[in-house]
>>> print(open('structure.txt').read())   # compact mmCIF, C-alpha atoms and all ligand atoms
# COMPACT_ATOMS: atom_id res chain seq x y z
CA MET A 140 0.00 0.00 0.00
CA ALA A 141 2.75 2.41 1.03
CA LYS A 142 4.59 1.81 -2.24
CA ASN A 143 1.43 2.44 -4.27
CA ASN A 144 0.82 5.66 -2.43
CA PHE A 145 4.39 6.74 -3.11
CA THR A 146 4.00 5.99 -6.84
CA LEU A 147 0.76 7.93 -6.87
CA LEU A 148 2.41 10.88 -5.18
CA LEU A 149 5.36 10.74 -7.57
CA THR A 150 3.03 10.69 -10.60
CA PHE A 151 1.10 13.62 -9.17
CA CYS A 152 4.30 15.64 -8.63
CA LEU A 153 5.60 14.86 -12.12
CA THR A 154 2.27 15.94 -13.60
CA LEU A 155 2.42 19.22 -11.69
CA LEU A 156 5.97 19.75 -12.88
CA LEU A 157 4.93 19.05 -16.46
CA ILE A 158 2.00 21.51 -16.25
CA GLY A 159 4.38 24.03 -14.75
CA CYS A 160 6.85 23.49 -17.59
CA ILE A 161 4.17 23.86 -20.24
CA SER A 162 2.84 27.09 -18.80
CA THR A 163 6.25 28.67 -18.31
CA THR A 164 7.44 27.77 -21.78
CA ALA A 165 4.25 28.96 -23.57
CA PRO A 166 5.33 31.58 -26.12
CA ARG A 167 4.71 35.29 -25.43
CA TYR A 168 3.46 37.02 -28.55
CA ALA A 169 4.90 40.41 -29.36
CA ILE A 170 2.47 43.23 -30.25
CA ASP A 171 3.62 44.72 -33.53
CA LYS A 172 2.47 48.33 -33.68
CA HIS A 173 4.17 49.22 -36.96
CA THR A 174 3.60 46.67 -39.75
CA TYR A 175 -0.10 47.42 -40.26
CA GLN A 176 -1.58 50.88 -39.71
CA ALA A 177 -5.32 51.55 -40.06
CA GLN A 178 -6.74 54.66 -41.72
CA GLY A 179 -10.21 54.37 -40.17
CA LYS A 180 -9.81 56.09 -36.81
CA ASN A 181 -10.28 59.44 -35.14
CA GLU A 182 -9.51 61.34 -31.97
CA ARG A 183 -11.62 60.59 -28.91
CA ILE A 184 -11.77 64.32 -28.20
CA HIS A 185 -14.19 66.46 -30.23
CA PHE A 186 -15.12 69.16 -27.71
CA ILE A 187 -13.61 71.43 -25.12
CA VAL A 188 -16.17 72.36 -22.46
CA LEU A 189 -15.60 75.36 -20.18
CA HIS A 190 -17.07 75.61 -16.68
CA TYR A 191 -16.97 77.73 -13.57
CA THR A 192 -16.84 75.99 -10.21
CA VAL A 193 -19.05 78.18 -7.94
CA GLY A 194 -16.56 77.95 -5.10
CA ASN A 195 -13.17 79.11 -3.92
CA ASN A 196 -9.83 77.37 -4.60
CA GLU A 197 -10.02 75.10 -1.59
CA ARG A 198 -13.61 74.00 -2.03
CA SER A 199 -13.27 73.57 -5.80
CA SER A 200 -10.12 71.46 -5.64
CA LYS A 201 -11.62 69.30 -2.90
CA THR A 202 -14.90 68.71 -4.77
CA LEU A 203 -13.14 67.93 -8.04
CA THR A 204 -10.69 65.47 -6.50
CA THR A 205 -12.86 63.63 -3.99
CA GLY A 206 -16.43 63.78 -5.26
CA ASN A 207 -18.48 62.29 -8.07
CA VAL A 208 -17.59 65.18 -10.34
CA SER A 209 -14.25 65.87 -11.96
CA ALA A 210 -12.64 67.73 -14.83
CA HIS A 211 -9.46 67.27 -16.80
CA TYR A 212 -8.11 70.69 -15.85
CA LEU A 213 -8.56 73.14 -13.00
CA ILE A 214 -7.69 76.83 -13.14
CA LEU A 215 -7.41 78.27 -9.65
CA ASN A 216 -7.96 81.91 -8.81
CA ASN A 217 -4.39 82.82 -7.80
CA ASP A 218 -1.02 83.50 -9.38
CA ASP A 219 0.67 80.14 -8.71
CA HIS A 220 1.70 79.96 -12.42
CA LYS A 221 0.16 76.53 -12.73
CA ILE A 222 -2.64 74.81 -14.58
CA TYR A 223 -3.70 71.67 -12.76
CA ASN A 224 -4.33 68.45 -14.68
CA LEU A 225 -6.62 66.20 -12.59
CA VAL A 226 -7.58 63.55 -15.16
CA PRO A 227 -5.39 62.43 -18.11
CA ASP A 228 -6.77 63.62 -21.47
CA TYR A 229 -7.29 60.03 -22.69
CA GLU A 230 -9.54 59.19 -19.74
CA ARG A 231 -13.12 60.36 -19.14
CA ALA A 232 -13.75 63.06 -16.56
CA TRP A 233 -17.24 63.54 -15.15
CA HIS A 234 -17.99 67.14 -15.97
CA ALA A 235 -20.57 67.37 -18.75
CA GLY A 236 -23.60 65.28 -17.72
CA ALA A 237 -26.81 65.08 -19.75
CA GLY A 238 -27.12 67.23 -22.86
CA GLY A 239 -25.61 67.43 -26.30
CA PHE A 240 -24.09 69.56 -29.01
CA ALA A 241 -23.38 69.27 -32.72
CA GLY A 242 -25.20 65.97 -33.04
CA ARG A 243 -23.44 64.28 -30.17
CA THR A 244 -24.70 63.36 -26.73
CA VAL A 245 -22.74 61.88 -23.81
CA LEU A 246 -20.11 64.59 -24.06
CA ASN A 247 -18.10 63.11 -21.19
CA ASP A 248 -17.00 60.52 -23.75
CA THR A 249 -15.79 63.01 -26.32
CA SER A 250 -14.63 66.13 -24.50
CA ILE A 251 -12.01 67.74 -22.34
CA GLY A 252 -13.49 69.58 -19.36
CA ILE A 253 -11.89 72.70 -17.89
CA GLU A 254 -13.11 74.08 -14.55
CA ILE A 255 -12.32 77.67 -13.64
CA VAL A 256 -12.61 78.80 -10.03
CA ASN A 257 -15.26 81.53 -9.99
CA ASP A 258 -18.34 82.32 -7.88
CA GLY A 259 -20.69 82.34 -10.87
CA ILE A 260 -23.65 84.39 -9.72
CA ALA A 261 -22.58 86.90 -7.04
CA PRO A 262 -23.94 85.84 -3.62
CA GLN A 263 -26.29 88.85 -3.29
CA TYR A 264 -28.07 87.87 -6.55
CA ARG A 265 -28.39 84.12 -5.97
CA ASP A 266 -32.05 84.42 -4.94
CA ALA A 267 -32.90 86.96 -7.65
CA LEU A 268 -34.94 84.50 -9.73
CA LYS A 269 -36.86 83.05 -6.80
CA ASN A 270 -39.75 85.53 -6.54
CA GLY A 271 -40.43 85.25 -10.29
CA ALA A 272 -39.64 88.90 -11.06
CA LEU A 273 -36.73 87.79 -13.27
CA ASP A 274 -36.57 84.78 -15.61
CA TYR A 275 -32.83 84.95 -16.13
CA HIS A 276 -29.78 86.51 -14.53
CA PRO A 277 -28.62 89.68 -16.33
CA ALA A 278 -24.90 90.12 -17.08
CA GLU A 279 -24.21 92.19 -13.94
CA HIS A 280 -25.15 89.27 -11.68
CA TYR A 281 -22.11 87.29 -12.85
CA VAL A 282 -18.67 87.54 -11.27
CA GLU A 283 -15.63 88.56 -13.33
CA PHE A 284 -12.76 86.18 -14.02
CA SER A 285 -9.27 87.37 -13.13
CA GLU A 286 -6.78 88.37 -15.80
CA ILE A 287 -4.46 85.51 -14.85
CA GLN A 288 -7.27 82.99 -15.24
CA ILE A 289 -8.05 84.28 -18.73
CA LYS A 290 -4.39 83.96 -19.74
CA LYS A 291 -4.20 80.42 -18.36
CA VAL A 292 -7.42 79.37 -20.10
CA ALA A 293 -6.17 80.91 -23.34
CA GLN A 294 -2.89 78.99 -23.25
CA LEU A 295 -4.56 75.70 -22.30
CA VAL A 296 -7.40 75.85 -24.83
CA GLN A 297 -5.01 76.91 -27.59
CA GLU A 298 -2.78 73.90 -26.89
CA LEU A 299 -5.65 71.40 -26.57
CA ALA A 300 -7.53 72.65 -29.65
CA LYS A 301 -4.37 72.30 -31.73
CA LYS A 302 -3.37 68.93 -30.30
CA TYR A 303 -6.78 67.33 -30.84
CA ASN A 304 -7.82 69.37 -33.86
CA VAL A 305 -11.03 70.55 -32.16
CA ALA A 306 -13.38 72.53 -34.45
CA PRO A 307 -13.82 76.19 -33.34
CA THR A 308 -17.57 75.70 -32.95
CA ASN A 309 -16.95 72.75 -30.62
CA ILE A 310 -15.18 74.89 -28.03
CA ILE A 311 -18.23 75.56 -25.90
CA GLY A 312 -19.60 76.42 -22.49
CA HIS A 313 -21.39 73.94 -20.26
CA SER A 314 -24.55 76.01 -20.86
CA ASP A 315 -24.27 75.50 -24.64
CA MET A 316 -24.58 71.72 -24.26
CA ALA A 317 -27.01 71.70 -21.29
CA PRO A 318 -29.02 74.95 -21.59
CA SER A 319 -31.85 73.85 -19.30
CA ARG A 320 -29.52 72.77 -16.49
CA LYS A 321 -26.46 75.00 -16.65
CA ILE A 322 -25.48 78.66 -17.06
CA ASP A 323 -21.69 78.33 -16.71
CA PRO A 324 -19.17 79.71 -17.59
CA GLY A 325 -21.61 82.65 -17.62
CA ALA A 326 -21.86 86.15 -19.05
CA LYS A 327 -18.43 87.31 -17.88
CA PHE A 328 -16.52 84.60 -19.72
CA PRO A 329 -14.69 86.51 -22.50
CA TRP A 330 -15.42 84.41 -25.60
CA GLN A 331 -14.98 87.37 -27.94
CA ARG A 332 -11.63 88.32 -26.46
CA LEU A 333 -10.38 84.72 -26.64
CA TYR A 334 -11.33 84.62 -30.30
CA LYS A 335 -9.82 88.00 -31.19
CA GLU A 336 -6.62 87.82 -29.13
CA TYR A 337 -5.88 84.10 -29.22
CA GLY A 338 -7.80 82.67 -32.17
CA ILE A 339 -9.82 80.44 -29.83
CA GLY A 340 -13.32 79.19 -30.59
CA ALA A 341 -15.93 80.67 -32.93
CA TRP A 342 -17.08 84.26 -33.37
CA TYR A 343 -19.19 86.01 -36.01
CA ASP A 344 -18.01 88.68 -38.44
CA GLU A 345 -19.45 92.10 -37.61
CA PHE A 346 -20.10 92.78 -41.30
CA ASP A 347 -22.33 89.70 -41.56
CA LYS A 348 -24.19 90.57 -38.39
CA GLN A 349 -24.94 94.09 -39.74
CA PHE A 350 -26.08 92.55 -43.03
CA PHE A 351 -28.62 90.32 -41.27
CA MET A 352 -29.68 93.21 -38.99
CA ASN A 353 -30.68 95.15 -42.10
CA GLN A 354 -32.68 92.36 -43.71
CA ASP A 355 -36.41 91.97 -43.25
CA GLU A 356 -35.84 88.27 -42.70
CA PHE A 357 -36.28 88.33 -38.95
CA ALA A 358 -39.82 89.76 -39.11
CA ALA A 359 -40.78 86.98 -41.53
CA ALA A 360 -38.95 84.13 -39.79
CA THR A 361 -41.18 81.60 -38.06
CA ILE A 362 -40.30 80.04 -34.72
CA PRO A 363 -39.52 76.68 -36.43
CA ASP A 364 -37.19 78.55 -38.87
CA ILE A 365 -35.29 80.14 -36.00
CA LYS A 366 -35.13 76.88 -34.07
CA GLN A 367 -33.69 75.22 -37.16
CA ALA A 368 -30.99 77.91 -37.29
CA PHE A 369 -30.07 77.07 -33.67
CA ARG A 370 -29.97 73.40 -34.61
CA ASP A 371 -27.78 74.16 -37.62
CA TYR A 372 -25.25 75.78 -35.32
CA GLY A 373 -25.20 72.77 -32.98
CA TYR A 374 -27.73 73.47 -30.23
CA GLN A 375 -30.26 70.89 -29.14
CA ILE A 376 -33.70 72.53 -29.17
CA ASN A 377 -37.21 71.07 -29.20
CA ASP A 378 -39.53 71.37 -32.21
CA SER A 379 -42.56 72.97 -30.54
CA ASP A 380 -43.82 76.09 -32.39
CA GLU A 381 -43.47 78.30 -29.36
CA TRP A 382 -40.81 79.84 -27.20
CA ASP A 383 -41.46 77.61 -24.22
CA LYS A 384 -39.10 77.69 -21.24
CA ALA A 385 -36.80 74.97 -22.62
CA SER A 386 -36.48 76.87 -25.91
CA ARG A 387 -35.87 80.19 -24.15
CA ASN A 388 -33.14 78.48 -22.16
CA VAL A 389 -31.38 77.81 -25.47
CA ILE A 390 -31.74 81.48 -26.47
CA TYR A 391 -30.29 82.47 -23.10
CA ALA A 392 -27.35 80.03 -23.44
CA PHE A 393 -26.66 81.36 -26.93
CA GLN A 394 -26.75 84.95 -25.69
CA LEU A 395 -24.43 84.13 -22.75
CA HIS A 396 -21.92 82.97 -25.34
CA PHE A 397 -22.40 85.39 -28.23
CA ARG A 398 -24.13 88.48 -26.76
CA PRO A 399 -23.07 88.31 -23.13
CA GLN A 400 -23.68 91.98 -22.33
CA GLN A 401 -27.44 91.43 -22.74
CA PRO A 402 -28.61 87.87 -22.06
CA THR A 403 -32.40 87.92 -21.80
CA GLY A 404 -33.76 84.56 -22.98
CA VAL A 405 -35.94 86.51 -25.44
CA MET A 406 -35.48 86.21 -29.19
CA ASP A 407 -34.66 89.55 -30.82
CA LEU A 408 -33.25 90.94 -34.06
CA GLU A 409 -29.64 91.17 -32.88
CA THR A 410 -29.62 87.60 -31.51
CA TYR A 411 -31.11 86.39 -34.78
CA ALA A 412 -28.54 88.33 -36.84
CA ILE A 413 -25.65 86.89 -34.80
CA LEU A 414 -27.01 83.35 -35.21
CA LYS A 415 -27.36 83.81 -38.96
CA ALA A 416 -23.86 85.34 -39.19
CA LEU A 417 -22.39 82.35 -37.34
CA ASN A 418 -24.16 79.86 -39.59
CA LYS A 419 -22.97 81.75 -42.66
CA LYS A 420 -19.36 81.59 -41.42
CA TYR A 421 -19.28 78.08 -39.97
CA GLY A 422 -22.15 76.26 -41.70
CA ASP A 423 -21.53 73.61 -44.34
ZN ZN A 501 -20.28 73.23 -15.53
>>> encode(input="structure.txt", output="structure tokens", more="lines below")
Ligand SMILES: [Zn+2]
Amino acid sequence: MAKNNFTLLLTFCLTLLLIGCISTTAPRYAIDKHTYQAQGKNERIHFIVLHYTVGNNERSSKTLTTGNVSAHYLILNNDDHKIYNLVPDYERAWHAGAGGFAGRTVLNDTSIGIEIVNDGIAPQYRDALKNGALDYHPAEHYVEFSEIQIKKVAQLVQELAKKYNVAPTNIIGHSDMAPSRKIDPGAKFPWQRLYKEYGIGAWYDEFDKQFFMNQDEFAAATIPDIKQAFRDYGYQINDSDEWDKASRNVIYAFQLHFRPQQPTGVMDLETYAILKALNKKYGD
């Protein structure tokens, strides 16, 4: 019996050894990254989305590093000469949420998010919409960004837009992609200056705007026509034939971006002329 057991044990050990040998001598296959190269591919990143944090440096950095929200980059409100990278560009940050722009939804998948430390609506105006006297915050309710922040944002967006070949019209505010939920980066974010001084994002030509101001088109344009013009630019807007709240939110978001000195949420000739001028310049 003892001998049989020994033989059994020996066989068992030899088998284990054999299995071990097989697994350690199995070939490792090299990954060849050079012989075949596909043409059918594109960048993950199609959008750059700008935000303000509604909080100071300490609170913003804590929220964005420990909570369920994040962004790729954080611009603090001080002169530390740094731009903070919290999430690698190739990974998803959780900054955009529900919404869409330019035919795409789930923008967390396809964008870089940049958070700028800023109070948003000044504390004394935070309750201004509550009694129903105002539908939307006017420009003076928003807090200015500092000069250093603007310079940091300009450098960062310039670099990212070039690196990922982001279309000018896809450099947007959070409010552009989620007009019924968000109003950041707000009326004090200097889109026009970024365009003129740094070549960042989209802006209309004044000549075109004046041209459309002088046409009779606006008086004749139906609500569905105007909504289609918003859609042509990239905004998501419903197809009801009235300016319901959701549709006015889109007008407000558009004005925050392209006529920030007078965001009203009401369609008017100048807003229409700017929209038409943008579509003329950037449309297909
Ligand atoms: Zn935001």
>>> residues_near_point(input="structure.txt", point="(-26.9, 84.4, -37.6)", cutoff="10 Å", atoms="all atoms listed in the file", output="PyMOL selection string")
chain A and resi 343-344+347-348+350-352+365+368-369+372+408-420
>>> residues_around(input="structure.txt", residues="region 221-228 of chain A", least_positions_apart="2", cutoff="7 Å", atoms="only C-alpha atoms", output="list of chain:residue names")
A:Ala210, A:His211, A:Tyr212, A:Leu213, A:Ile214, A:Asp219, A:Glu230, A:Ala232, A:Ile251, A:Lys291
>>> closest_residue(input="structure.txt", among="A:Ile184, A:Val305, A:Ile170, A:Met316", to="ligand ZN 501 (chain A)", atoms="only C-alpha atoms and all ligand atoms")
A:Met316
>>> closest_residue(input="structure.txt", among="A:Pro166, A:Pro324, A:Thr249, A:Asp274", to="ligand ZN 501 (chain A)", atoms="all atoms listed in the file")
A:Pro324
>>> atom_distance(input="structure.txt", atom1="CA of Ala385 (chain A)", atom2="CA of His234 (chain A)")
21.4 Å
>>> closest_residue(input="structure.txt", among="A:Ala272, A:Ala293, A:Ala359, A:Ala237", to="Arg332 (chain A)", atoms="all atoms listed in the file")
A:Ala293
>>> closest_atom_pairs(input="structure.txt", of="chain A", to="ligand ZN 501 (chain A)", cutoff="7 Å", atoms="all atoms listed in the file", output="Markdown table")
| residue | atom | partner | partner_atom | distance |
| --- | --- | --- | --- | --- |
| A:Leu189 | CA | A:ZN501 | ZN | 6.9 |
| A:His190 | CA | A:ZN501 | ZN | 4.2 |
| A:Tyr191 | CA | A:ZN501 | ZN | 5.9 |
| A:Thr192 | CA | A:ZN501 | ZN | 6.9 |
| A:His234 | CA | A:ZN501 | ZN | 6.5 |
| A:Ala235 | CA | A:ZN501 | ZN | 6.7 |
| A:His313 | CA | A:ZN501 | ZN | 4.9 |
| A:Lys321 | CA | A:ZN501 | ZN | 6.5 |
| A:Asp323 | CA | A:ZN501 | ZN | 5.4 |
| A:Pro324 | CA | A:ZN501 | ZN | 6.9 |
>>> write_last_selection(input="structure.txt", atoms="C-alpha atoms", output="mmCIF file, keeping the file's coordinate frame")
data_model
loop_
_atom_site.group_PDB
_atom_site.id
_atom_site.type_symbol
_atom_site.label_atom_id
_atom_site.label_comp_id
_atom_site.auth_asym_id
_atom_site.auth_seq_id
_atom_site.Cartn_x
_atom_site.Cartn_y
_atom_site.Cartn_z
ATOM 1 C CA LEU A 189 -15.600 75.360 -20.180
ATOM 2 C CA HIS A 190 -17.070 75.610 -16.680
ATOM 3 C CA TYR A 191 -16.970 77.730 -13.570
ATOM 4 C CA THR A 192 -16.840 75.990 -10.210
ATOM 5 C CA HIS A 234 -17.990 67.140 -15.970
ATOM 6 C CA ALA A 235 -20.570 67.370 -18.750
ATOM 7 C CA HIS A 313 -21.390 73.940 -20.260
ATOM 8 C CA LYS A 321 -26.460 75.000 -16.650
ATOM 9 C CA ASP A 323 -21.690 78.330 -16.710
ATOM 10 C CA PRO A 324 -19.170 79.710 -17.590
#
>>> atom_distance(input="structure.txt", atom1="CA of Asn270 (chain A)", atom2="CA of His396 (chain A)")
26.0 Å
>>> atom_distance(input="structure.txt", atom1="CA of Glu283 (chain A)", atom2="CA of Lys327 (chain A)")
5.5 Å
>>> residues_around(input="structure.txt", residues="Tyr264 (chain A)", least_positions_apart="6", cutoff="9 Å", atoms="all atoms listed in the file", output="list of chain:residue names")
A:His276, A:His280, A:Tyr281
>>> closest_residue(input="structure.txt", among="A:Ile287, A:Ala165, A:Ala360, A:Val188", to="Leu246 (chain A)", atoms="only C-alpha atoms")
A:Val188
>>> closest_residue(input="structure.txt", among="A:Leu268, A:Asp378, A:Phe397, A:Pro307", to="Ala326 (chain A)", atoms="all atoms listed in the file")
A:Phe397
>>> closest_residue(input="structure.txt", among="A:Glu381, A:Leu299, A:Tyr374, A:Ile289", to="Thr361 (chain A)", atoms="only C-alpha atoms")
A:Glu381
>>> decode(input="structure.txt", residues="region 210-232 of chain A", atoms="N, CA, C and O atoms", output="PDB file, in the first residue's frame")
ATOM      1  N   ALA A 210     -12.919  67.075 -13.547  1.00  0.00           N
ATOM      2  CA  ALA A 210     -12.637  67.728 -14.829  1.00  0.00           C
ATOM      3  C   ALA A 210     -11.194  67.408 -15.166  1.00  0.00           C
ATOM      4  O   ALA A 210     -10.420  67.032 -14.280  1.00  0.00           O
ATOM      5  N   HIS A 211     -10.853  67.553 -16.434  1.00  0.00           N
ATOM      6  CA  HIS A 211      -9.462  67.274 -16.802  1.00  0.00           C
ATOM      7  C   HIS A 211      -8.523  68.333 -16.232  1.00  0.00           C
ATOM      8  O   HIS A 211      -7.440  68.030 -15.766  1.00  0.00           O
ATOM      9  N   TYR A 212      -8.984  69.601 -16.291  1.00  0.00           N
ATOM     10  CA  TYR A 212      -8.111  70.689 -15.853  1.00  0.00           C
ATOM     11  C   TYR A 212      -8.832  71.614 -14.881  1.00  0.00           C
ATOM     12  O   TYR A 212     -10.049  71.802 -14.967  1.00  0.00           O
ATOM     13  N   LEU A 213      -8.033  72.187 -13.982  1.00  0.00           N
ATOM     14  CA  LEU A 213      -8.555  73.139 -12.997  1.00  0.00           C
ATOM     15  C   LEU A 213      -7.696  74.398 -13.025  1.00  0.00           C
ATOM     16  O   LEU A 213      -6.466  74.325 -12.933  1.00  0.00           O
ATOM     17  N   ILE A 214      -8.373  75.532 -13.163  1.00  0.00           N
ATOM     18  CA  ILE A 214      -7.693  76.830 -13.144  1.00  0.00           C
ATOM     19  C   ILE A 214      -8.075  77.508 -11.832  1.00  0.00           C
ATOM     20  O   ILE A 214      -9.232  77.902 -11.646  1.00  0.00           O
ATOM     21  N   LEU A 215      -7.129  77.625 -10.935  1.00  0.00           N
ATOM     22  CA  LEU A 215      -7.412  78.271  -9.647  1.00  0.00           C
ATOM     23  C   LEU A 215      -7.435  79.789  -9.819  1.00  0.00           C
ATOM     24  O   LEU A 215      -7.046  80.324 -10.855  1.00  0.00           O
ATOM     25  N   ASN A 216      -7.886  80.454  -8.769  1.00  0.00           N
ATOM     26  CA  ASN A 216      -7.957  81.910  -8.813  1.00  0.00           C
ATOM     27  C   ASN A 216      -6.799  82.498  -8.009  1.00  0.00           C
ATOM     28  O   ASN A 216      -7.009  83.145  -6.996  1.00  0.00           O
ATOM     29  N   ASN A 217      -5.575  82.222  -8.437  1.00  0.00           N
ATOM     30  CA  ASN A 217      -4.395  82.815  -7.802  1.00  0.00           C
ATOM     31  C   ASN A 217      -3.256  82.848  -8.818  1.00  0.00           C
ATOM     32  O   ASN A 217      -3.425  82.426  -9.960  1.00  0.00           O
ATOM     33  N   ASP A 218      -2.111  83.357  -8.411  1.00  0.00           N
ATOM     34  CA  ASP A 218      -1.022  83.497  -9.382  1.00  0.00           C
ATOM     35  C   ASP A 218       0.085  82.472  -9.129  1.00  0.00           C
ATOM     36  O   ASP A 218       1.261  82.791  -9.071  1.00  0.00           O
ATOM     37  N   ASP A 219      -0.321  81.202  -8.968  1.00  0.00           N
ATOM     38  CA  ASP A 219       0.668  80.143  -8.715  1.00  0.00           C
ATOM     39  C   ASP A 219       1.381  79.670  -9.999  1.00  0.00           C
ATOM     40  O   ASP A 219       2.200  78.756  -9.939  1.00  0.00           O
ATOM     41  N   HIS A 220       1.048  80.303 -11.137  1.00  0.00           N
ATOM     42  CA  HIS A 220       1.699  79.963 -12.417  1.00  0.00           C
ATOM     43  C   HIS A 220       1.475  78.516 -12.836  1.00  0.00           C
ATOM     44  O   HIS A 220       2.271  77.950 -13.573  1.00  0.00           O
ATOM     45  N   LYS A 221       0.413  77.918 -12.366  1.00  0.00           N
ATOM     46  CA  LYS A 221       0.161  76.525 -12.732  1.00  0.00           C
ATOM     47  C   LYS A 221      -1.244  76.325 -13.273  1.00  0.00           C
ATOM     48  O   LYS A 221      -2.178  77.031 -12.898  1.00  0.00           O
ATOM     49  N   ILE A 222      -1.342  75.317 -14.136  1.00  0.00           N
ATOM     50  CA  ILE A 222      -2.640  74.815 -14.585  1.00  0.00           C
ATOM     51  C   ILE A 222      -2.672  73.377 -14.100  1.00  0.00           C
ATOM     52  O   ILE A 222      -1.751  72.616 -14.378  1.00  0.00           O
ATOM     53  N   TYR A 223      -3.689  73.005 -13.358  1.00  0.00           N
ATOM     54  CA  TYR A 223      -3.697  71.667 -12.759  1.00  0.00           C
ATOM     55  C   TYR A 223      -4.420  70.667 -13.651  1.00  0.00           C
ATOM     56  O   TYR A 223      -5.536  70.918 -14.109  1.00  0.00           O
ATOM     57  N   ASN A 224      -3.771  69.535 -13.874  1.00  0.00           N
ATOM     58  CA  ASN A 224      -4.329  68.449 -14.682  1.00  0.00           C
ATOM     59  C   ASN A 224      -4.769  67.332 -13.726  1.00  0.00           C
ATOM     60  O   ASN A 224      -3.937  66.689 -13.105  1.00  0.00           O
ATOM     61  N   LEU A 225      -6.079  67.144 -13.587  1.00  0.00           N
ATOM     62  CA  LEU A 225      -6.617  66.200 -12.591  1.00  0.00           C
ATOM     63  C   LEU A 225      -6.924  64.824 -13.183  1.00  0.00           C
ATOM     64  O   LEU A 225      -6.927  63.827 -12.470  1.00  0.00           O
ATOM     65  N   VAL A 226      -7.244  64.811 -14.475  1.00  0.00           N
ATOM     66  CA  VAL A 226      -7.581  63.552 -15.163  1.00  0.00           C
ATOM     67  C   VAL A 226      -6.803  63.561 -16.484  1.00  0.00           C
ATOM     68  O   VAL A 226      -6.812  64.570 -17.184  1.00  0.00           O
ATOM     69  N   PRO A 227      -6.100  62.457 -16.818  1.00  0.00           N
ATOM     70  CA  PRO A 227      -5.392  62.432 -18.110  1.00  0.00           C
ATOM     71  C   PRO A 227      -6.363  62.635 -19.276  1.00  0.00           C
ATOM     72  O   PRO A 227      -7.514  62.175 -19.214  1.00  0.00           O
ATOM     73  N   ASP A 228      -5.897  63.307 -20.324  1.00  0.00           N
ATOM     74  CA  ASP A 228      -6.773  63.616 -21.473  1.00  0.00           C
ATOM     75  C   ASP A 228      -7.450  62.374 -22.045  1.00  0.00           C
ATOM     76  O   ASP A 228      -8.576  62.451 -22.533  1.00  0.00           O
ATOM     77  N   TYR A 229      -6.745  61.240 -22.041  1.00  0.00           N
ATOM     78  CA  TYR A 229      -7.292  60.035 -22.691  1.00  0.00           C
ATOM     79  C   TYR A 229      -8.350  59.338 -21.841  1.00  0.00           C
ATOM     80  O   TYR A 229      -9.037  58.441 -22.313  1.00  0.00           O
ATOM     81  N   GLU A 230      -8.490  59.768 -20.578  1.00  0.00           N
ATOM     82  CA  GLU A 230      -9.537  59.186 -19.736  1.00  0.00           C
ATOM     83  C   GLU A 230     -10.757  60.111 -19.683  1.00  0.00           C
ATOM     84  O   GLU A 230     -10.664  61.285 -19.977  1.00  0.00           O
ATOM     85  N   ARG A 231     -11.893  59.563 -19.262  1.00  0.00           N
ATOM     86  CA  ARG A 231     -13.123  60.357 -19.139  1.00  0.00           C
ATOM     87  C   ARG A 231     -13.142  61.069 -17.791  1.00  0.00           C
ATOM     88  O   ARG A 231     -12.907  60.436 -16.772  1.00  0.00           O
ATOM     89  N   ALA A 232     -13.450  62.352 -17.821  1.00  0.00           N
ATOM     90  CA  ALA A 232     -13.745  63.057 -16.564  1.00  0.00           C
ATOM     91  C   ALA A 232     -15.254  63.234 -16.510  1.00  0.00           C
ATOM     92  O   ALA A 232     -15.933  63.163 -17.534  1.00  0.00           O
TER      93      ALA A 232
END
